[in-house]
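Below you'll find the structure, written out as structure tokens, and then a few comments.
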Amino acid sequence: MAQAIKSIVIVGGGTAGWITAGTIAAKLQSEHADGFNITLVESPDVKPIGVGEGTWPTMRRTLKAMGVRETDFIRQCNVSFKQGAKFAKWVTGAEDDFYYHPLVLPQDFDSTNLARHWMERPFEQSFSQAVSPQEAVCETGLAPKSIATAEYTSIINYAYHLDAGRFSAFLQQHCTEKLNVRHVLDNVTAINAAENGDIASVSTTTNGDICGDLFIDCTGFKSLLLGEHFKVGFKSCKDVLFVDQALAIHVPYESEDAPIASHTISTGQSAGWVWDIGLQNRRGVGHVYSSAHTTEEQASEELLNYIAQTGGHANEADIRKIPLNPGHRVKFWHQNCVAIGLSAGFLEPLEASSLLLVEISASMIADQFPATRDAMEIVAQRFNSTFLYRWDRIIDFLKLHYMLSKRNDSAFWIDNRDSASIPQSLQDQLTLWQYQPPWHNDFEHAIEVFPAASYQYVLYGMGFDTQASALGMSEVYKQKASSLRQKNTQQIQQMLKTLPSNRALINKIHQYGLQKV
């Protein structure tokens with residue numbers, strides 16, 4: 001009989017560890033009677049970084065699959081609703097320079113590419129305003145649903161902003177109480193190898209050796225298992241993505257009923273950008289910058305100036321410095337060990353890809369869970385191939401934001417346009433998109449991390465020019481496009497009339513709760 005995979009040991013807690021534990025436990029419980037166990041070993045001495053506060057809409061599916069009530073999650077994790085990202089001062093740096101990457105697809109995006117129709121008169125409306133109602137909803141601070149909308153369902157697509165520290169504690173309680181995950185609070189002192197090179201067990205200070213068939217490394221930047229034990233190499237992408245430092249701070253609201261932004265705000269600075277995330281009780285604000293293009297003192301001054309300009313108050317002594325090392329492991333699954341979260345790599349906070357990678361990594365393990373050690377080899381190969389591709393595409397997409405900028409006020413923005421720093425894969429796509437708008441078949445995989453719609457929002461938000469087709473547009477296409485844009489205008493008017501503000505909906509959820517699905 002081949003060795004069955006029954007025991008999963010996750011080393012490291014935080015958001016990555018507990019999302020992984022909950023995702024795998026819920027999936028295995030739904031399909032198997034018993035016979036498996038999941039243990040999460042977490043050091044009491046290691047504090048999570050705790051600034052991953054933006055999610056994707058996928059988090060709704062992840063939490064629902066775990067059996068989490070959305071009402072409980074919103075109440076306990078200071079959650080607010082996120083409907084996309086607003087990029088300010090990325091194109092020219094002017095005060096009125098902004099565009100949106102919303103979370104809703106353009107109208108009828110499965111079958112109709114509205115980009116060409118918009119390009120006939122791009123000066124009349126921004127691209128996102130012309131093809132989706134979400135920019136208007138965000139600009140007026142509205143929520144994506146009403147109190148009568150059931151949990152996890154929406155009137156318009158949404159994700160979350162959350163308190164990372166509270167979220168980890170919330171998931172820990174849910175996983176241990178509802179999903180039978182064993183929680184060991186202890187320090188790992190050794191990693192013990194089996195004869196075949198696998199990890200046989202990890203030794204802990206007070207709980208002895210903890211054995212497992214599959215080990216998941218969620219130990220953060222340390223990468224204790226995959227990096228330190230197995231010596232799996234790290235591939236830097238600092239030559240493409242320049243930012244390597246972050247300064248983070250919590251900013252209180254002026255009052256308890258202050259408006260909550262319905263989106264992440266990303267504001268360009270001289271050598272990076274500032275994130276601004278509105279939670280129920282505070283804002284999470286931080287400055288991501290390139291140490292090769294500015295100093296910590298200058299970056300801190302720009303951060304404090306931004307906070308003051310946006311009506312906040314902050315003390316320089318409360319700023320936390322977080323070093324970043326943009327890149328990822330050359331593979332993520334080796335022997336019987338797979339890395340998820342920061343142990344696999346990190347790029348930068350732009351577009352909130354970090355938590356997404358945790359979700360889809362855990363989901364792939366759960367969906368393709370290897371029944372035996374022999375089967376694990378095949379699953380590992382698939383996992384490595386899939387995620388090497390995904391990391392490369394995320395790098396391309398993040399670089400797109402920088403290299404399309406027209407800013408000339410600092411070396412940072414100019415250097416980002418140097419072709420030597422732009423991956424060839426992205427250069428090839430941009431050559432194509434000079435003559436035709438991004439579309440579904442421009443990508444290798446049927447399911448992309450960032451679909452063609454995301455590229456359209458960024459390209460045309462930043463003023464990229466796609467030439468008009470020499471073949472023109474058919475009357476049938478023109479009529480359909482006009483009808484869809486009219487439908488979009490009607491949706492905007494309806495949503496602006498009926499949707500509550502972000503703050504008002506959150507207050508009602510605290511008072512009444514959302515209906516169960």
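Ordering of the structure tokens sets the chain letters (A, B, ...); residue numbers start at 1 within each chain; ligands are numbered from 1 in the order shown.
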May I have the residues within 12 Å of Tyr306 (chain A) as a list of chain:residue names, using only C-alpha atoms and disregarding those fewer than 2 positions away in the same chain?
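So the residues in contact are A:Val251, A:Ile265, A:Ser266, A:Thr267, A:Gly268, A:Gln269, A:Trp273, A:Val274, A:Trp275, A:Asp276, A:Val285, A:Gly286, A:His287, A:Ala299, A:Ser300, A:Glu301, A:Glu302, A:Leu303, A:Leu304, A:Ala308, A:Gln309, A:Thr310, A:Gly311, A:Gly312, A:His313, A:Ala314.
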Let me see the file: selected residues, N, CA, C and O atoms, as a short mmCIF file (atom, residue, chain, number, x, y, z; two decimals), in the first residue's frame.
data_model
loop_
_atom_site.label_atom_id
_atom_site.label_comp_id
_atom_site.auth_asym_id
_atom_site.auth_seq_id
_atom_site.Cartn_x
_atom_site.Cartn_y
_atom_site.Cartn_z
N VAL A 251 -4.05 55.57 11.58
CA VAL A 251 -4.51 56.96 11.69
C VAL A 251 -5.96 56.95 12.16
O VAL A 251 -6.83 56.40 11.47
N ILE A 265 -7.04 53.68 -1.60
CA ILE A 265 -6.51 54.87 -2.27
C ILE A 265 -5.00 54.73 -2.35
O ILE A 265 -4.33 54.56 -1.33
N SER A 266 -4.47 54.76 -3.56
CA SER A 266 -3.03 54.65 -3.79
C SER A 266 -2.55 55.94 -4.44
O SER A 266 -2.92 56.23 -5.58
N THR A 267 -1.74 56.68 -3.72
CA THR A 267 -1.34 58.02 -4.18
C THR A 267 0.16 58.04 -4.47
O THR A 267 0.97 57.77 -3.58
N GLY A 268 0.53 58.37 -5.71
CA GLY A 268 1.93 58.40 -6.10
C GLY A 268 2.71 59.46 -5.34
O GLY A 268 2.22 60.56 -5.07
N GLN A 269 3.95 59.12 -5.00
CA GLN A 269 4.87 60.03 -4.32
C GLN A 269 6.14 60.15 -5.18
O GLN A 269 6.19 59.65 -6.30
N TRP A 273 4.68 55.17 -3.45
CA TRP A 273 3.26 55.55 -3.34
C TRP A 273 2.78 55.30 -1.91
O TRP A 273 3.38 54.53 -1.15
N VAL A 274 1.69 55.96 -1.56
CA VAL A 274 1.07 55.83 -0.24
C VAL A 274 -0.23 55.06 -0.37
O VAL A 274 -1.05 55.34 -1.25
N TRP A 275 -0.40 54.04 0.49
CA TRP A 275 -1.70 53.36 0.55
C TRP A 275 -2.55 53.97 1.65
O TRP A 275 -2.02 54.45 2.66
N ASP A 276 -3.85 53.96 1.47
CA ASP A 276 -4.78 54.51 2.45
C ASP A 276 -6.01 53.59 2.46
O ASP A 276 -6.76 53.53 1.50
N VAL A 285 -2.50 53.48 6.93
CA VAL A 285 -1.81 54.29 5.93
C VAL A 285 -0.34 53.88 5.92
O VAL A 285 0.25 53.61 6.96
N GLY A 286 0.23 53.82 4.74
CA GLY A 286 1.65 53.47 4.65
C GLY A 286 2.27 53.98 3.37
O GLY A 286 1.59 54.26 2.38
N HIS A 287 3.58 54.13 3.41
CA HIS A 287 4.34 54.62 2.26
C HIS A 287 5.28 53.51 1.82
O HIS A 287 6.12 53.04 2.58
N ALA A 299 10.98 59.84 2.89
CA ALA A 299 9.77 59.03 2.76
C ALA A 299 8.84 59.25 3.93
O ALA A 299 7.62 59.35 3.77
N SER A 300 9.40 59.35 5.13
CA SER A 300 8.60 59.60 6.33
C SER A 300 7.94 60.97 6.26
O SER A 300 6.77 61.13 6.62
N GLU A 301 8.68 61.97 5.77
CA GLU A 301 8.12 63.32 5.63
C GLU A 301 6.96 63.33 4.64
O GLU A 301 5.92 63.96 4.89
N GLU A 302 7.10 62.62 3.53
CA GLU A 302 6.02 62.55 2.54
C GLU A 302 4.80 61.85 3.12
O GLU A 302 3.66 62.25 2.86
N LEU A 303 5.02 60.80 3.91
CA LEU A 303 3.91 60.08 4.54
C LEU A 303 3.15 61.00 5.50
O LEU A 303 1.91 61.07 5.47
N LEU A 304 3.88 61.71 6.35
CA LEU A 304 3.23 62.60 7.32
C LEU A 304 2.53 63.76 6.62
O LEU A 304 1.45 64.19 7.05
N ALA A 308 -1.50 64.63 6.89
CA ALA A 308 -1.99 65.96 7.25
C ALA A 308 -2.91 66.52 6.17
O ALA A 308 -3.95 67.12 6.46
N GLN A 309 -2.54 66.33 4.90
CA GLN A 309 -3.34 66.85 3.79
C GLN A 309 -4.70 66.17 3.68
O GLN A 309 -5.64 66.74 3.14
N THR A 310 -4.81 64.95 4.20
CA THR A 310 -6.08 64.22 4.14
C THR A 310 -6.85 64.29 5.46
O THR A 310 -7.75 63.48 5.70
N GLY A 311 -6.49 65.25 6.29
CA GLY A 311 -7.26 65.52 7.50
C GLY A 311 -6.95 64.63 8.68
O GLY A 311 -7.72 64.60 9.65
N GLY A 312 -5.83 63.95 8.66
CA GLY A 312 -5.47 63.06 9.76
C GLY A 312 -4.37 63.63 10.63
O GLY A 312 -3.74 64.64 10.29
N HIS A 313 -4.15 62.98 11.74
CA HIS A 313 -3.08 63.37 12.66
C HIS A 313 -2.25 62.14 12.97
O HIS A 313 -2.79 61.07 13.23
N ALA A 314 -0.92 62.29 12.94
CA ALA A 314 -0.04 61.16 13.17
C ALA A 314 1.23 61.62 13.86
O ALA A 314 1.67 62.76 13.69
#
Got a sec to tell me which of region 150-326 of chain A DSSP assigns to strand (DSSP E), as a PyMOL selection string?
chain A and resi 159-161+182-185+188-193+199-204+208-211+214-217+234-236+245-252+264-268+272-278+282-289+320-323
Can you tell me which residues surround Ile216 (chain A) at a distance of at most 8 Å, considering only C-alpha atoms, apart from same-chain residues fewer than 3 positions away, and format the answer as an MDAnalysis selection string?
chainID A and resid 8:11 337:340
Take the residues from that selection and put them in a file with C-alpha atoms, as a CSV table (one decimal), in the first residue's frame.
chain,number,residue,atom,x,y,z
A,8,ILE,CA,-1.0,18.0,7.7
A,9,VAL,CA,1.3,20.2,9.8
A,10,ILE,CA,1.2,23.9,9.2
A,11,VAL,CA,4.2,25.7,10.7
A,337,CYS,CA,6.8,20.7,2.0
A,338,VAL,CA,4.9,23.6,0.3
A,339,ALA,CA,5.3,27.3,1.1
A,340,ILE,CA,2.3,29.7,1.4
Need to verify the contact set: Ala65 (chain A), 8 Å, only C-alpha atoms, exclusion of same-chain residues closer than 4 positions in sequence. Can you return it as a ChimeraX atom specification?
/A:23,26-27,61
Near Asn416 (chain A), within 7 Å and counting only C-alpha atoms, which residues show up once chain neighbours fewer than 4 positions away are dropped, as JSON, numbers by chain?
{"A": [402, 403, 412, 421]}
Please list as a PyMOL selection string every residue within 12 Å of Tyr460 (chain A), counting only C-alpha atoms and excluding residues in the same chain fewer than 2 positions away.
chain A and resi 91+98-101+114-116+118-119+122-123+125-131+400-401+404-405+433-434+437-438+453-458+462-466
Take the residues from that selection and put them in a file with C-alpha atoms, as a compact mmCIF listing (two decimals), in the first residue's frame.
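Below you can see again_29.txt, which holds the result:
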# COMPACT_ATOMS: atom_id res chain seq x y z
CA VAL A 91 0.02 59.46 -14.53
CA PHE A 98 -6.64 59.81 -10.92
CA TYR A 99 -8.18 56.67 -12.36
CA TYR A 100 -9.94 53.57 -11.01
CA HIS A 101 -9.35 49.85 -11.18
CA LEU A 114 -16.31 48.07 -25.14
CA ALA A 115 -12.80 49.53 -25.27
CA ARG A 116 -12.93 50.36 -28.99
CA TRP A 118 -14.91 54.24 -25.72
CA MET A 119 -11.73 55.10 -27.64
CA PRO A 122 -12.18 59.04 -24.56
CA PHE A 123 -12.33 62.68 -23.39
CA GLN A 125 -15.72 59.96 -19.63
CA SER A 126 -12.97 57.98 -17.96
CA PHE A 127 -12.83 54.40 -19.19
CA SER A 128 -14.02 52.89 -15.91
CA GLN A 129 -16.88 55.40 -15.68
CA ALA A 130 -17.98 54.59 -19.23
CA VAL A 131 -18.07 50.81 -18.87
CA LEU A 400 2.46 48.05 -15.91
CA HIS A 401 1.30 50.67 -13.39
CA LEU A 404 2.97 53.74 -18.12
CA SER A 405 3.46 56.81 -15.91
CA TRP A 433 -2.16 46.31 -27.45
CA GLN A 434 -0.99 49.23 -29.54
CA PRO A 437 -7.44 46.24 -26.87
CA PRO A 438 -6.64 43.48 -24.34
CA ALA A 453 -10.47 43.67 -17.89
CA SER A 454 -7.86 44.59 -15.28
CA TYR A 455 -5.34 45.40 -17.99
CA GLN A 456 -7.93 47.56 -19.76
CA TYR A 457 -8.69 49.55 -16.61
CA VAL A 458 -5.01 50.29 -15.98
CA MET A 462 -3.19 55.77 -17.53
CA GLY A 463 -3.75 57.10 -21.04
CA PHE A 464 -2.38 54.24 -23.14
CA ASP A 465 -3.25 54.68 -26.81
CA THR A 466 -4.59 51.79 -28.88
